[in-house]
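Peer 1: Provided herewith: protein32.txt, compact mmCIF, C-alpha atoms and all ligand atoms.
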```txt
# COMPACT_ATOMS: atom_id res chain seq x y z
CA MET H 22 207.35 45.78 251.52
CA ALA H 23 208.70 45.51 255.04
CA THR H 24 211.76 47.63 255.63
CA HIS H 25 214.47 47.17 258.21
CA ALA H 26 217.24 49.51 259.30
CA GLY H 27 217.18 52.19 256.67
CA GLY H 28 214.19 51.54 254.44
CA LEU H 29 213.74 50.66 250.79
CA THR H 30 214.73 52.94 247.97
CA ALA H 31 213.13 52.53 244.59
CA ASP H 32 215.84 52.79 241.93
CA HIS H 33 215.83 49.00 241.32
CA PRO H 34 212.10 48.31 241.04
CA ALA H 35 212.61 44.76 239.71
CA ALA H 36 214.52 43.71 242.83
CA THR H 37 212.38 42.27 245.58
CA VAL H 38 215.36 42.26 247.94
CA ARG H 39 217.64 45.25 247.92
CA ILE H 40 220.59 45.52 250.26
CA ARG H 41 222.99 48.44 250.22
CA SER H 42 226.06 49.17 252.35
CA LEU H 43 224.92 46.74 255.01
CA VAL H 44 227.11 46.67 258.11
CA ARG H 45 226.57 44.31 261.04
CA SER H 46 229.02 44.25 263.92
CA PHE H 47 229.72 42.16 266.98
CA GLY H 48 231.80 44.31 269.29
CA ASP H 49 234.27 46.21 267.15
CA ARG H 50 234.31 43.58 264.39
CA ASN H 51 232.28 44.20 261.25
CA VAL H 52 231.00 40.76 260.20
CA LEU H 53 229.11 42.36 257.31
CA ASP H 54 231.09 45.31 256.03
CA GLY H 55 229.33 47.34 253.36
CA LEU H 56 227.48 44.46 251.69
CA ASP H 57 225.35 45.03 248.56
CA LEU H 58 222.97 42.40 247.15
CA ASP H 59 219.80 42.35 245.03
CA LEU H 60 217.41 39.46 244.47
CA GLY H 61 214.85 39.50 241.70
CA ALA H 62 211.28 38.33 242.30
CA GLY H 63 211.20 34.55 242.05
CA GLU H 64 214.98 34.27 241.78
CA PHE H 65 216.74 31.36 243.52
CA VAL H 66 220.10 32.46 244.90
CA ALA H 67 222.53 30.28 246.83
CA LEU H 68 224.78 32.01 249.36
CA LEU H 69 228.11 30.27 249.86
CA GLY H 70 230.75 31.22 252.36
CA ARG H 71 233.22 29.72 254.77
CA SER H 72 232.15 28.97 258.29
CA GLY H 73 231.98 32.21 260.27
CA SER H 74 231.87 34.41 257.16
CA GLY H 75 228.55 35.95 258.21
CA LYS H 76 225.95 33.97 256.22
CA SER H 77 223.58 33.49 259.16
CA THR H 78 224.12 37.11 260.20
CA LEU H 79 222.94 38.22 256.75
CA LEU H 80 219.93 35.91 256.85
CA ARG H 81 218.92 37.12 260.29
CA ALA H 82 219.17 40.71 259.08
CA LEU H 83 216.90 39.93 256.12
CA ALA H 84 214.44 38.14 258.39
CA GLY H 85 214.39 41.13 260.76
CA LEU H 86 215.66 38.83 263.53
CA ASP H 87 218.84 40.69 264.42
CA HIS H 88 217.76 43.21 267.00
CA ASP H 89 220.72 42.29 269.18
CA VAL H 90 223.24 43.38 266.53
CA THR H 91 224.49 46.86 265.77
CA GLY H 92 224.64 48.04 262.19
CA THR H 93 223.79 50.42 259.41
CA GLY H 94 222.72 50.25 255.79
CA GLU H 95 219.66 49.86 253.61
CA LEU H 96 217.68 46.66 253.67
CA GLY H 97 214.46 46.11 251.75
CA ALA H 98 212.67 42.77 251.73
CA PRO H 99 209.18 41.65 250.72
CA ASP H 100 206.48 40.83 253.20
CA PRO H 101 206.01 38.12 254.34
CA VAL H 102 209.44 36.56 254.72
CA ALA H 103 209.65 32.89 255.72
CA VAL H 104 212.66 31.24 257.31
CA VAL H 105 213.70 27.59 257.34
CA PHE H 106 216.53 26.55 259.65
CA GLN H 107 218.72 23.47 259.86
CA ASP H 108 216.46 22.05 262.56
CA ALA H 109 212.76 22.17 261.77
CA ARG H 110 211.87 23.98 265.01
CA LEU H 111 208.44 22.38 265.31
CA LEU H 112 206.52 22.76 268.55
CA PRO H 113 206.67 19.24 270.04
CA TRP H 114 203.36 19.62 271.87
CA LYS H 115 201.43 20.42 268.70
CA ARG H 116 200.45 17.96 266.00
CA VAL H 117 201.85 18.37 262.48
CA LEU H 118 198.86 20.25 261.02
CA ASP H 119 198.65 22.53 264.07
CA ASN H 120 202.32 23.39 263.61
CA VAL H 121 201.71 24.29 259.96
CA VAL H 122 198.70 26.55 260.59
CA LEU H 123 199.89 28.15 263.84
CA GLY H 124 199.23 31.88 263.56
CA LEU H 125 198.12 31.57 259.93
CA ASP H 126 195.81 34.38 258.81
CA GLY H 127 193.28 34.39 255.99
CA PRO H 128 190.39 32.15 254.95
CA ASP H 129 190.18 28.48 255.90
CA PRO H 130 193.65 27.98 257.37
CA VAL H 131 193.03 24.29 258.07
CA ALA H 132 192.24 23.51 254.42
CA ARG H 133 195.30 25.48 253.29
CA GLY H 134 197.45 23.70 255.87
CA ARG H 135 196.23 20.30 254.65
CA ALA H 136 196.98 21.27 251.05
CA ALA H 137 200.49 22.42 252.02
CA LEU H 138 201.15 19.12 253.78
CA ALA H 139 199.96 17.24 250.70
CA GLU H 140 202.33 19.32 248.57
CA VAL H 141 205.31 18.21 250.65
CA GLY H 142 204.20 14.57 250.50
CA LEU H 143 202.73 14.34 254.01
CA ALA H 144 199.02 13.90 253.27
CA GLY H 145 197.50 11.73 255.98
CA ARG H 146 200.10 12.72 258.59
CA GLU H 147 198.17 15.76 259.86
CA LYS H 148 197.58 14.32 263.33
CA THR H 149 201.10 12.95 263.79
CA TRP H 150 203.30 14.34 266.58
CA PRO H 151 206.62 15.88 265.45
CA VAL H 152 208.62 13.34 267.47
CA GLU H 153 207.13 10.56 265.33
CA LEU H 154 208.65 12.03 262.14
CA SER H 155 212.11 11.50 260.63
CA GLY H 156 214.43 14.48 260.22
CA GLY H 157 213.56 14.74 256.54
CA GLU H 158 209.84 14.62 257.29
CA GLN H 159 210.23 17.34 259.92
CA GLN H 160 211.93 19.54 257.33
CA ARG H 161 209.01 18.87 254.98
CA VAL H 162 206.65 20.16 257.67
CA SER H 163 208.88 23.20 258.09
CA LEU H 164 208.69 23.86 254.33
CA ALA H 165 204.90 23.46 254.38
CA ARG H 166 204.66 25.89 257.31
CA SER H 167 206.70 28.43 255.32
CA LEU H 168 205.06 28.06 251.93
CA VAL H 169 201.45 28.07 253.19
CA ARG H 170 202.13 31.74 254.00
CA GLU H 171 203.02 32.41 250.34
CA PRO H 172 206.20 34.33 251.21
CA GLY H 173 207.75 36.78 248.78
CA LEU H 174 211.11 35.68 250.15
CA LEU H 175 212.13 32.29 251.50
CA LEU H 176 215.29 32.31 253.60
CA ALA H 177 216.87 28.94 254.25
CA ASP H 178 219.91 28.53 256.52
CA GLU H 179 221.61 25.22 255.70
CA PRO H 180 218.18 23.54 255.77
CA PHE H 181 219.44 20.12 254.68
CA GLY H 182 222.74 20.12 256.57
CA ALA H 183 221.61 17.57 259.14
CA LEU H 184 220.05 15.12 256.66
CA ASP H 185 221.63 12.02 255.14
CA ALA H 186 222.75 12.20 251.51
CA LEU H 187 219.77 10.37 249.98
CA THR H 188 217.21 12.37 251.95
CA ARG H 189 219.03 15.55 250.94
CA ILE H 190 218.70 14.70 247.24
CA ARG H 191 214.97 14.07 247.68
CA MET H 192 214.62 17.39 249.49
CA HIS H 193 216.45 19.16 246.63
CA VAL H 194 213.91 17.82 244.16
CA LEU H 195 211.03 18.81 246.42
CA LEU H 196 212.38 22.31 247.04
CA ARG H 197 212.88 22.98 243.33
CA ARG H 198 209.32 21.81 242.62
CA LEU H 199 207.79 23.88 245.41
CA CYS H 200 209.71 26.99 244.37
CA ALA H 201 208.72 26.58 240.73
CA ARG H 202 205.09 26.48 241.85
CA HIS H 203 205.08 29.23 244.50
CA ARG H 204 207.83 31.41 243.00
CA PRO H 205 209.21 33.08 246.12
CA ALA H 206 212.62 34.69 245.86
CA VAL H 207 214.94 32.27 247.67
CA LEU H 208 218.18 32.88 249.52
CA LEU H 209 219.61 29.49 250.42
CA VAL H 210 222.64 29.42 252.69
CA THR H 211 224.81 26.40 252.14
CA HIS H 212 228.45 25.44 252.51
CA ASP H 213 227.93 22.69 249.93
CA VAL H 214 229.08 23.77 246.49
CA ASP H 215 227.19 20.98 244.75
CA GLU H 216 223.94 21.86 246.51
CA ALA H 217 224.39 25.46 245.34
CA ILE H 218 225.00 24.47 241.71
CA VAL H 219 222.17 21.93 241.57
CA LEU H 220 219.55 24.26 243.04
CA ALA H 221 220.30 27.89 242.28
CA ASP H 222 219.85 30.31 239.41
CA ARG H 223 222.77 32.30 240.79
CA VAL H 224 225.47 31.67 243.36
CA VAL H 225 226.95 34.45 245.48
CA VAL H 226 229.98 34.04 247.72
CA LEU H 227 230.28 35.94 250.99
CA ALA H 228 233.85 36.87 251.90
CA LYS H 229 235.33 39.62 254.03
CA GLY H 230 231.90 40.97 254.85
CA ARG H 231 230.80 41.48 251.25
CA ILE H 232 229.61 39.58 248.20
CA GLY H 233 232.93 38.61 246.67
CA ALA H 234 231.61 36.69 243.66
CA ASP H 235 228.25 36.71 241.93
CA ILE H 236 227.95 33.94 239.35
CA PRO H 237 224.91 32.89 237.29
CA VAL H 238 224.36 29.14 237.01
CA ASP H 239 223.79 28.77 233.33
CA LEU H 240 223.47 25.00 233.15
CA PRO H 241 220.58 23.00 231.69
CA ALA H 242 218.47 20.94 234.10
CA PRO H 243 218.94 18.32 235.34
CA ARG H 244 222.42 19.50 236.29
CA ALA H 245 224.64 16.49 235.82
CA HIS H 246 227.74 16.29 237.97
CA GLY H 247 229.65 14.76 235.08
CA SER H 248 229.40 17.62 232.60
CA ALA H 249 232.40 19.81 231.79
CA ALA H 250 230.46 23.03 232.45
CA TYR H 251 229.45 21.73 235.89
CA ALA H 252 233.04 20.85 236.75
CA THR H 253 234.30 24.27 235.63
CA LEU H 254 231.74 26.10 237.75
CA ARG H 255 232.45 23.87 240.75
CA GLU H 256 236.15 24.55 240.47
CA ARG H 257 235.57 28.30 240.22
CA LEU H 258 233.36 28.33 243.33
CA LEU H 259 235.85 26.26 245.33
CA GLU H 260 238.57 28.73 244.37
CA GLU H 261 236.36 31.61 245.52
CA LEU H 262 236.02 29.79 248.85
CA GLY H 263 239.78 29.43 249.10
CA VAL H 264 239.79 25.67 248.56
CA ASP H 265 242.29 24.21 246.11
CA PRO H 266 240.08 21.92 243.98
CA THR H 267 243.05 19.80 242.94
CA ALA H 268 244.06 19.17 246.55
CA GLN H 269 240.84 17.45 247.68
CA GLU H 270 237.50 16.22 246.48
CA GLU H 271 235.57 17.40 249.53
CA SER H 272 233.03 20.13 248.65
CA ALA H 273 232.17 21.15 252.21
CA VAL H 274 234.39 23.96 253.48
N1 LIG H 301 225.66 36.75 268.89
C1 LIG H 301 226.93 36.87 268.51
N2 LIG H 301 227.85 37.46 269.31
C2 LIG H 301 229.15 37.59 268.95
N3 LIG H 301 229.64 37.16 267.77
C3 LIG H 301 228.79 36.54 266.92
C4 LIG H 301 227.39 36.36 267.25
N4 LIG H 301 226.80 35.72 266.22
C5 LIG H 301 227.77 35.51 265.30
N5 LIG H 301 228.95 36.01 265.72
C6 LIG H 301 230.22 35.96 264.96
O1 LIG H 301 230.02 36.53 263.70
C7 LIG H 301 230.70 35.78 262.70
C8 LIG H 301 229.72 35.33 261.65
O2 LIG H 301 228.82 34.39 262.21
P1 LIG H 301 227.71 33.68 261.34
O3 LIG H 301 226.90 34.71 260.63
O4 LIG H 301 226.98 32.75 262.24
O5 LIG H 301 228.60 32.87 260.28
P2 LIG H 301 228.20 31.70 259.26
O6 LIG H 301 226.73 31.52 259.31
O7 LIG H 301 228.71 32.15 257.93
O8 LIG H 301 228.97 30.48 259.72
C9 LIG H 301 231.42 34.64 263.40
O9 LIG H 301 232.74 35.01 263.62
C10 LIG H 301 230.66 34.54 264.71
O10 LIG H 301 231.52 34.08 265.72
MG MG H 302 225.51 29.92 259.85
```
Can you present the structure in this file as structure tokens?
Ligand SMILES: Nc1ncnc2c1ncn2[C@@H]1O[C@H](COP(=O)(O)OP(=O)(O)O)[C@@H](O)[C@H]1O
Ligand SMILES: [Mg+2]
Peer 2:
Amino acid sequence: MATHAGGLTADHPAATVRIRSLVRSFGDRNVLDGLDLDLGAGEFVALLGRSGSGKSTLLRALAGLDHDVTGTGELGAPDPVAVVFQDARLLPWKRVLDNVVLGLDGPDPVARGRAALAEVGLAGREKTWPVELSGGEQQRVSLARSLVREPGLLLADEPFGALDALTRIRMHVLLRRLCARHRPAVLLVTHDVDEAIVLADRVVVLAKGRIGADIPVDLPAPRAHGSAAYATLRERLLEELGVDPTAQEESAV
């Protein structure tokens, strides 16, 4: 277990992520203000919240990437943690396989990198340059680069936000499949209520610096948009986000 800013305490042994009383401030404003959250091993949690509510601030704290921020609280996360961002952040001067295995420890990194690329549907593209890939393909490389490290926690910050709708659906299917196989705990930031419902075991809503709602997604797969249970959950989440579901059909907030 890696610990950041306070260390891990052991009274929830089943939780692989344990956050207590987390405060993160910019100037005199507490963006995170006493936030508590647990994630179980292998659990897929979607984090919803309005723009500016502090979702990325929470992810950066969990990734140990927030050295520029002041704050207090307990934060325990597994090691290693992998992060996927909205842009794939590939090194343009390295070929696809070299991006995947960059800094990778352990036996036979090249073989493991090739296998990871095959898992995301990019077998045969090892020698391709990042610029030759579509946005969706670049995100596949980014997923391969994360999962080849077998993270205990996968953090994803609006990873499909820049993709077109059809590519996004294909990425949802791929992500579910990869997570079922590798079983990392996942914290997926999204502002898309439907993405949260389709993918997650549990949806949490960040508001006023804390987790304001924590709702299990108890729907059978595949999660059909048309079902009554889906519609009820969608409505509830939109209300938590302060959107009147009867006023508009738009799920992005
Ligand atoms: N480096 C920073 N300096 C000052 N304020 C910041 C910084 N990063 C984020 N903030 C502020 O913190 C709040 C939360 O930001 P962020 O975590 O990026 O929100 P979200 O990801 O939910 O849209 C916003 O009001 C944002 O302006
Ligand atoms: Mg953000």
Peer 1: Given all atoms listed in the file, how would the per-residue table for chain H near ligand MG 302 (chain H) read, listing every residue at most 9 Å away with its closest atom pair and distance in Å to one decimal, sorted by chain and number, as CSV?
Peer 2:
```
residue,atom,partner,partner_atom,distance
H:Ser72,CA,H:MG302,MG,6.9
H:Gly73,CA,H:MG302,MG,6.9
H:Ser74,CA,H:MG302,MG,8.2
H:Gly75,CA,H:MG302,MG,6.9
H:Lys76,CA,H:MG302,MG,5.5
H:Ser77,CA,H:MG302,MG,4.1
H:Thr78,CA,H:MG302,MG,7.3
H:Leu80,CA,H:MG302,MG,8.7
H:Asp178,CA,H:MG302,MG,6.7
H:Glu179,CA,H:MG302,MG,7.4
H:Val210,CA,H:MG302,MG,7.7
H:Thr211,CA,H:MG302,MG,8.5
```
Peer 1: Grab me every residue within 12 Å of ligand LIG 301 (chain H), counting only C-alpha atoms and all ligand atoms, and send it over as a VMD selection string.
Peer 2: chain H and resid 44 to 54 68 to 82 86 to 91 106 to 107 177 to 179 209 to 212 226 to 231 262 274
Peer 1: Using all atoms listed in the file, can you tell me which of H:Gly247, H:Pro180, H:Pro205, H:Gly55 comes closest to H:Pro99?
Peer 2: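 Between H:Gly247, H:Pro180, H:Pro205, H:Gly55, the residue approaching H:Pro99 most closely is H:Pro205.
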Peer 1: Provide the atom CA of H:Asp108 to atom CA of H:Glu171 distance in Å, to one decimal place.
Peer 2: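 Calculated distance between atom CA of H:Asp108 and atom CA of H:Glu171 is 20.9 Å.
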Peer 1: If we count only C-alpha atoms and set the cut-off at 8 Å, which residues sit around H:Gln159, ignoring sequence neighbours fewer than 5 positions away in its own chain? Please answer as a PyMOL selection string.
Peer 2: chain H and resi 109+111+151+154
Peer 1: Those residues with C-alpha atoms, as a PDB file, in the coordinates of the input please?
Peer 2:
```pdb
ATOM      1  CA  ALA H 109     212.760  22.170 261.770  1.00  0.00           C
ATOM      2  CA  LEU H 111     208.440  22.380 265.310  1.00  0.00           C
ATOM      3  CA  PRO H 151     206.620  15.880 265.450  1.00  0.00           C
ATOM      4  CA  LEU H 154     208.650  12.030 262.140  1.00  0.00           C
TER       5      LEU H 154
END
```
Peer 1: Any idea what's packed within 12 Å of H:Arg166, counting only C-alpha atoms, ignoring anything in its chain fewer than 6 positions away? Could you give it as a PyMOL selection string?
Peer 2: chain H and resi 102-105+109-112+117-125+130-131+133-141+159-160+172+175
Peer 1: Could you dump the residues just selected with C-alpha atoms as a JSON list (two decimals), in the frame of the given file?
Peer 2:
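Here's the written file part_24.json:
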```
[["chain", "number", "residue", "atom", "x", "y", "z"],
["H", 102, "VAL", "CA", 209.44, 36.56, 254.72],
["H", 103, "ALA", "CA", 209.65, 32.89, 255.72],
["H", 104, "VAL", "CA", 212.66, 31.24, 257.31],
["H", 105, "VAL", "CA", 213.70, 27.59, 257.34],
["H", 109, "ALA", "CA", 212.76, 22.17, 261.77],
["H", 110, "ARG", "CA", 211.87, 23.98, 265.01],
["H", 111, "LEU", "CA", 208.44, 22.38, 265.31],
["H", 112, "LEU", "CA", 206.52, 22.76, 268.55],
["H", 117, "VAL", "CA", 201.85, 18.37, 262.48],
["H", 118, "LEU", "CA", 198.86, 20.25, 261.02],
["H", 119, "ASP", "CA", 198.65, 22.53, 264.07],
["H", 120, "ASN", "CA", 202.32, 23.39, 263.61],
["H", 121, "VAL", "CA", 201.71, 24.29, 259.96],
["H", 122, "VAL", "CA", 198.70, 26.55, 260.59],
["H", 123, "LEU", "CA", 199.89, 28.15, 263.84],
["H", 124, "GLY", "CA", 199.23, 31.88, 263.56],
["H", 125, "LEU", "CA", 198.12, 31.57, 259.93],
["H", 130, "PRO", "CA", 193.65, 27.98, 257.37],
["H", 131, "VAL", "CA", 193.03, 24.29, 258.07],
["H", 133, "ARG", "CA", 195.30, 25.48, 253.29],
["H", 134, "GLY", "CA", 197.45, 23.70, 255.87],
["H", 135, "ARG", "CA", 196.23, 20.30, 254.65],
["H", 136, "ALA", "CA", 196.98, 21.27, 251.05],
["H", 137, "ALA", "CA", 200.49, 22.42, 252.02],
["H", 138, "LEU", "CA", 201.15, 19.12, 253.78],
["H", 139, "ALA", "CA", 199.96, 17.24, 250.70],
["H", 140, "GLU", "CA", 202.33, 19.32, 248.57],
["H", 141, "VAL", "CA", 205.31, 18.21, 250.65],
["H", 159, "GLN", "CA", 210.23, 17.34, 259.92],
["H", 160, "GLN", "CA", 211.93, 19.54, 257.33],
["H", 172, "PRO", "CA", 206.20, 34.33, 251.21],
["H", 175, "LEU", "CA", 212.13, 32.29, 251.50]]
```
Peer 1: Could you check the closest approach to H:Asp100 for each of H:Ser42, H:Thr149, H:Thr188, H:Thr37 and tell me which residue wins, using all atoms listed in the file?
Peer 2: H:Thr37
Peer 1: Quick check, in Å to one decimal: how far apart do atom CA of H:Val38 and atom CA of H:Pro101 lie?
Peer 2: 12.1 Å
Peer 1: Give one line per residue of stretch 73-181 of chain H that approaches stretch 57-67 of chain H to at most 10 Å, naming the two atoms of the closest pair and their distance in Å to one decimal, counting all atoms listed in the file; sort by chain then ascending residue number and deliver it as a Markdown table.
Peer 2:
```
| residue | atom | partner | partner_atom | distance |
| --- | --- | --- | --- | --- |
| H:Gly94 | CA | H:Asp57 | CA | 9.3 |
| H:Glu95 | CA | H:Asp57 | CA | 9.0 |
| H:Leu96 | CA | H:Asp57 | CA | 9.4 |
| H:Gly97 | CA | H:Asp59 | CA | 9.4 |
| H:Ala98 | CA | H:Leu60 | CA | 9.3 |
| H:Pro99 | CA | H:Ala62 | CA | 9.3 |
| H:Gly173 | CA | H:Ala62 | CA | 7.5 |
| H:Leu174 | CA | H:Gly63 | CA | 8.2 |
| H:Leu175 | CA | H:Phe65 | CA | 9.3 |
| H:Leu176 | CA | H:Val66 | CA | 9.9 |
| H:Ala177 | CA | H:Ala67 | CA | 9.4 |
```
Peer 1: Just how far from atom CA of H:Leu187 is atom CA of H:Glu216, in Å to one decimal?
Peer 2: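 Computing it gives 12.7 Å between the two atoms.
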Peer 1: Starting from the point (234.5, 30.4, 243.7), work out which residues of protein, DNA or RNA have an atom no more than 12 Å away when counting only C-alpha atoms; state them as a PyMOL selection string.
Peer 2: chain H and resi 68-71+212-215+217-218+224-228+232-237+252-266+272+274
Peer 1: With a distance cut-off of 9 Å and only C-alpha atoms, select the neighbouring residues of H:Arg197, excluding the residue or stretch itself and same-chain residues fewer than 5 positions from it, and output the selection as a PyMOL selection string.
Peer 2: chain H and resi 192+202+220-221
Peer 1: Considering only C-alpha atoms, state which residue in the set H:Arg191, H:Lys148, H:Arg170, H:Arg223 is at the smallest distance from H:His203.
Peer 2: H:Arg170
Peer 1: For H:Leu208, which of H:Leu195, H:Ala165, H:Ala84, H:Arg189 is the closest residue, counting all atoms listed in the file?
Peer 2: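 The closest residue to H:Leu208 is H:Ala84.
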Peer 1: Would you mind putting N, CA and C atoms back on stretch 43-56 of chain H and writing the result as a PDB file, in the frame of the given file?
Peer 2:
```pdb
ATOM      1  N   LEU H  43     225.356  47.324 253.743  1.00  0.00           N
ATOM      2  CA  LEU H  43     224.920  46.740 255.010  1.00  0.00           C
ATOM      3  C   LEU H  43     226.127  46.440 255.908  1.00  0.00           C
ATOM      4  N   VAL H  44     226.073  46.935 257.111  1.00  0.00           N
ATOM      5  CA  VAL H  44     227.110  46.670 258.110  1.00  0.00           C
ATOM      6  C   VAL H  44     226.439  46.024 259.321  1.00  0.00           C
ATOM      7  N   ARG H  45     227.024  44.925 259.797  1.00  0.00           N
ATOM      8  CA  ARG H  45     226.570  44.310 261.040  1.00  0.00           C
ATOM      9  C   ARG H  45     227.812  43.961 261.848  1.00  0.00           C
ATOM     10  N   SER H  46     227.804  44.369 263.105  1.00  0.00           N
ATOM     11  CA  SER H  46     229.020  44.250 263.920  1.00  0.00           C
ATOM     12  C   SER H  46     228.737  43.523 265.215  1.00  0.00           C
ATOM     13  N   PHE H  47     229.694  42.698 265.618  1.00  0.00           N
ATOM     14  CA  PHE H  47     229.720  42.160 266.980  1.00  0.00           C
ATOM     15  C   PHE H  47     230.920  42.784 267.665  1.00  0.00           C
ATOM     16  N   GLY H  48     230.701  43.555 268.681  1.00  0.00           N
ATOM     17  CA  GLY H  48     231.800  44.310 269.290  1.00  0.00           C
ATOM     18  C   GLY H  48     232.363  45.279 268.273  1.00  0.00           C
ATOM     19  N   ASP H  49     233.681  45.282 268.124  1.00  0.00           N
ATOM     20  CA  ASP H  49     234.270  46.210 267.150  1.00  0.00           C
ATOM     21  C   ASP H  49     234.581  45.510 265.826  1.00  0.00           C
ATOM     22  N   ARG H  50     234.043  44.321 265.628  1.00  0.00           N
ATOM     23  CA  ARG H  50     234.310  43.580 264.390  1.00  0.00           C
ATOM     24  C   ARG H  50     233.106  43.640 263.453  1.00  0.00           C
ATOM     25  N   ASN H  51     233.342  44.147 262.239  1.00  0.00           N
ATOM     26  CA  ASN H  51     232.280  44.200 261.250  1.00  0.00           C
ATOM     27  C   ASN H  51     232.196  42.849 260.526  1.00  0.00           C
ATOM     28  N   VAL H  52     231.183  42.058 260.869  1.00  0.00           N
ATOM     29  CA  VAL H  52     231.000  40.760 260.200  1.00  0.00           C
ATOM     30  C   VAL H  52     230.489  41.000 258.773  1.00  0.00           C
ATOM     31  N   LEU H  53     229.525  41.890 258.629  1.00  0.00           N
ATOM     32  CA  LEU H  53     229.110  42.360 257.310  1.00  0.00           C
ATOM     33  C   LEU H  53     229.641  43.791 257.195  1.00  0.00           C
ATOM     34  N   ASP H  54     230.295  44.080 256.070  1.00  0.00           N
ATOM     35  CA  ASP H  54     231.090  45.310 256.030  1.00  0.00           C
ATOM     36  C   ASP H  54     230.853  46.065 254.715  1.00  0.00           C
ATOM     37  N   GLY H  55     229.637  46.575 254.575  1.00  0.00           N
ATOM     38  CA  GLY H  55     229.330  47.340 253.360  1.00  0.00           C
ATOM     39  C   GLY H  55     228.804  46.431 252.260  1.00  0.00           C
ATOM     40  N   LEU H  56     227.946  45.474 252.636  1.00  0.00           N
ATOM     41  CA  LEU H  56     227.480  44.460 251.690  1.00  0.00           C
ATOM     42  C   LEU H  56     226.326  44.978 250.821  1.00  0.00           C
TER      43      LEU H  56
END
```
